[in-house]
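Student: What follows is query.cif, made up of mmCIF, C-alpha atoms:
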data_start
#
loop_
_atom_site.label_atom_id
_atom_site.label_comp_id
_atom_site.auth_asym_id
_atom_site.auth_seq_id
_atom_site.Cartn_x
_atom_site.Cartn_y
_atom_site.Cartn_z
CA MET A 1 1.85 -21.96 -15.49
CA ASN A 2 4.08 -24.68 -16.94
CA GLY A 3 7.23 -22.86 -15.87
CA PHE A 4 5.84 -22.12 -12.43
CA PHE A 5 4.37 -25.53 -11.56
CA GLY A 6 6.09 -27.83 -14.05
CA SER A 7 9.64 -27.60 -15.24
CA GLY A 8 10.77 -24.78 -12.97
CA GLY A 9 8.48 -25.79 -10.12
CA GLY A 10 10.13 -29.20 -9.79
CA VAL A 11 12.57 -27.64 -7.33
CA ILE A 12 9.62 -27.03 -5.02
CA ALA A 13 7.29 -29.79 -6.17
CA VAL A 14 9.66 -32.74 -5.67
CA PRO A 15 10.39 -32.10 -1.96
CA LEU A 16 6.70 -31.36 -1.30
CA LEU A 17 5.59 -34.51 -3.10
CA GLU A 18 8.20 -36.53 -1.22
CA ARG A 19 7.03 -35.15 2.12
CA GLU A 20 3.40 -35.87 1.24
CA GLN A 21 4.29 -39.43 0.18
CA ARG A 22 6.00 -40.04 3.52
CA ARG A 23 3.09 -38.46 5.42
CA GLN A 24 0.59 -40.78 3.71
CA ASP A 25 2.80 -43.85 4.12
CA PRO A 26 5.22 -43.43 7.06
CA ASP A 27 6.71 -46.90 6.48
CA ILE A 28 7.91 -46.16 2.95
CA PRO A 29 11.70 -46.02 2.62
CA ALA A 30 13.10 -42.55 1.89
CA ALA A 31 14.58 -43.67 -1.43
CA GLU A 32 11.23 -45.03 -2.60
CA ALA A 33 9.42 -41.85 -1.53
CA MET A 34 11.93 -39.80 -3.54
CA ARG A 35 11.47 -41.97 -6.62
CA HIS A 36 7.70 -41.61 -6.37
CA ALA A 37 8.06 -37.84 -5.96
CA HIS A 38 10.26 -37.57 -9.06
CA ALA A 39 7.86 -39.75 -11.07
CA ASP A 40 4.86 -37.67 -9.95
CA SER A 41 6.71 -34.47 -10.80
CA VAL A 42 7.51 -35.76 -14.29
CA ALA A 43 3.86 -36.75 -14.77
CA LEU A 44 2.83 -33.22 -13.75
CA ILE A 45 5.35 -31.74 -16.19
CA LEU A 46 3.97 -33.95 -18.97
CA ILE A 47 0.41 -32.78 -18.38
CA LEU A 48 1.37 -29.12 -18.14
CA SER A 49 3.66 -29.33 -21.18
CA LEU A 50 0.95 -30.94 -23.29
CA THR A 51 -1.52 -28.27 -22.18
CA ALA A 52 0.96 -25.52 -23.08
CA ALA A 53 1.76 -27.17 -26.44
CA VAL A 54 -1.93 -27.40 -27.37
CA SER A 55 -2.41 -23.76 -26.38
CA TYR A 56 0.57 -22.63 -28.45
CA PHE A 57 -0.53 -24.82 -31.37
CA PHE A 58 -3.99 -23.28 -31.58
CA SER A 59 -2.60 -19.77 -31.23
CA GLY A 60 -0.12 -20.39 -34.07
CA GLY A 61 2.87 -19.94 -31.78
CA ILE A 62 4.78 -23.12 -32.66
CA ASP A 63 7.67 -23.05 -35.11
CA PHE A 64 7.66 -26.71 -36.19
CA ALA A 65 10.94 -26.38 -38.09
CA ALA A 66 12.71 -25.37 -34.87
CA ALA A 67 10.79 -27.80 -32.65
CA TRP A 68 11.75 -30.92 -34.63
CA GLN A 69 15.42 -30.31 -33.86
CA TYR A 70 14.82 -30.94 -30.16
CA ILE A 71 12.34 -33.83 -30.24
CA PRO A 72 14.91 -36.66 -30.69
CA PHE A 73 16.99 -35.38 -27.77
CA GLY A 74 13.93 -34.98 -25.54
CA ALA A 75 12.73 -38.49 -26.41
CA ALA A 76 16.20 -39.96 -25.77
CA GLY A 77 16.38 -38.17 -22.42
CA ALA A 78 12.95 -39.45 -21.44
CA VAL A 79 13.89 -43.05 -22.26
CA ALA A 80 17.23 -42.77 -20.46
CA GLY A 81 15.56 -41.24 -17.41
CA ALA A 82 12.96 -43.99 -17.27
CA LEU A 83 15.60 -46.70 -17.55
CA PHE A 84 18.00 -45.25 -14.99
CA LEU A 85 15.50 -43.97 -12.39
CA ARG A 86 15.19 -47.35 -10.68
CA LYS A 87 18.91 -48.12 -10.98
CA ILE A 88 20.38 -44.95 -9.49
CA ARG A 89 20.57 -44.58 -5.71
CA ALA A 90 18.50 -41.81 -4.14
CA SER A 91 21.57 -39.94 -2.90
CA TRP A 92 22.93 -39.77 -6.47
CA LEU A 93 19.55 -38.59 -7.77
CA GLN A 94 19.70 -35.74 -5.27
CA ARG A 95 23.24 -34.83 -6.34
CA LEU A 96 22.37 -34.99 -10.05
CA PHE A 97 19.25 -32.89 -9.51
CA GLY A 98 21.25 -30.31 -7.54
CA ALA A 99 23.97 -30.20 -10.19
CA LEU A 100 21.38 -29.71 -12.93
CA ILE A 101 19.77 -26.84 -11.04
CA CYS A 102 23.17 -25.21 -10.42
CA ALA A 103 24.16 -25.58 -14.08
CA ALA A 104 20.86 -24.01 -15.15
CA ALA A 105 21.39 -21.12 -12.74
CA VAL A 106 24.93 -20.48 -14.03
CA ARG A 107 23.74 -20.63 -17.62
CA THR A 108 20.94 -18.20 -16.84
CA LEU A 109 23.30 -15.77 -15.14
CA LEU A 110 25.80 -15.89 -18.01
CA SER A 111 23.28 -15.43 -20.80
#
Please go through the file and, once you have read it, give me the structure as structure tokens.
Tutor:
Amino acid sequence: MNGFFGSGGGVIAVPLLEREQRRQDPDIPAAEAMRHAHADSVALILILSLTAAVSYFFSGGIDFAAAWQYIPFGAAGAVAGALFLRKIRASWLQRLFGALICAAAVRTLLS
């Protein structure tokens, strides 16, 4: 479920959340609606990731030696994202998001 609704579902969730934000508050600027949608999507990913981690933990499916290698990079990315989210224009957020999705697709196709 995490891959469907969380990390991978952000491609669908962010535009839907943005549209819902603008439906509920028609006066909100587009850039602000997008920022709210990204923040809501990240909150959803956090909840789903924690749920998946707890599930894997209790089933014995976590290799802690391998996991610790990625934690500093994930934490640094989270801090950087939180700091830059309010400073980056909405149009650049869209471009960065699109570039990330394209890079992931190319990597998937080549692996």
Student: Enter the distance from CA of Ser55 (chain A) to CA of Ala105 (chain A), in Å, rounded to one decimal.
Tutor: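 CA of Ala105 (chain A) lies 27.6 Å from CA of Ser55 (chain A).
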Student: Taking into account all atoms listed in the file, which residue in the set A:Gly60, A:His36, A:Ala90, A:Leu46 is nearest to Gly74 (chain A)?
Tutor: A:Leu46
Student: So what does the PyMOL selection byres ((chain A and resi 93) around 12) actually pick up in this one, as JSON, numbers by chain?
Tutor: {"A": [14, 31, 32, 34, 35, 37, 38, 81, 84, 85, 86, 87, 88, 89, 90, 91, 92, 94, 95, 96, 97, 98, 99, 100]}
Student: Specify as a short mmCIF file (atom, residue, chain, number, x, y, z; two decimals) with C-alpha atoms, in the frame of the given file each residue included when the PyMOL selection byres ((chain A and resi 41) around 8) is applied to this file.
Tutor:
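This went into selection26.cif:
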data_model
loop_
_atom_site.label_atom_id
_atom_site.label_comp_id
_atom_site.auth_asym_id
_atom_site.auth_seq_id
_atom_site.Cartn_x
_atom_site.Cartn_y
_atom_site.Cartn_z
CA GLY A 6 6.09 -27.83 -14.05
CA GLY A 10 10.13 -29.20 -9.79
CA ALA A 13 7.29 -29.79 -6.17
CA VAL A 14 9.66 -32.74 -5.67
CA LEU A 17 5.59 -34.51 -3.10
CA ALA A 37 8.06 -37.84 -5.96
CA HIS A 38 10.26 -37.57 -9.06
CA ALA A 39 7.86 -39.75 -11.07
CA ASP A 40 4.86 -37.67 -9.95
CA VAL A 42 7.51 -35.76 -14.29
CA ALA A 43 3.86 -36.75 -14.77
CA LEU A 44 2.83 -33.22 -13.75
CA ILE A 45 5.35 -31.74 -16.19
#
Student: Between CA of Ile71 (chain A) and CA of Arg107 (chain A), what is the spacing in Å?
Tutor: 21.5 Å
Student: Report, in Å to a single decimal, how far apart CA of Ala67 (chain A) and CA of Leu50 (chain A) are.
Tutor: 13.9 Å
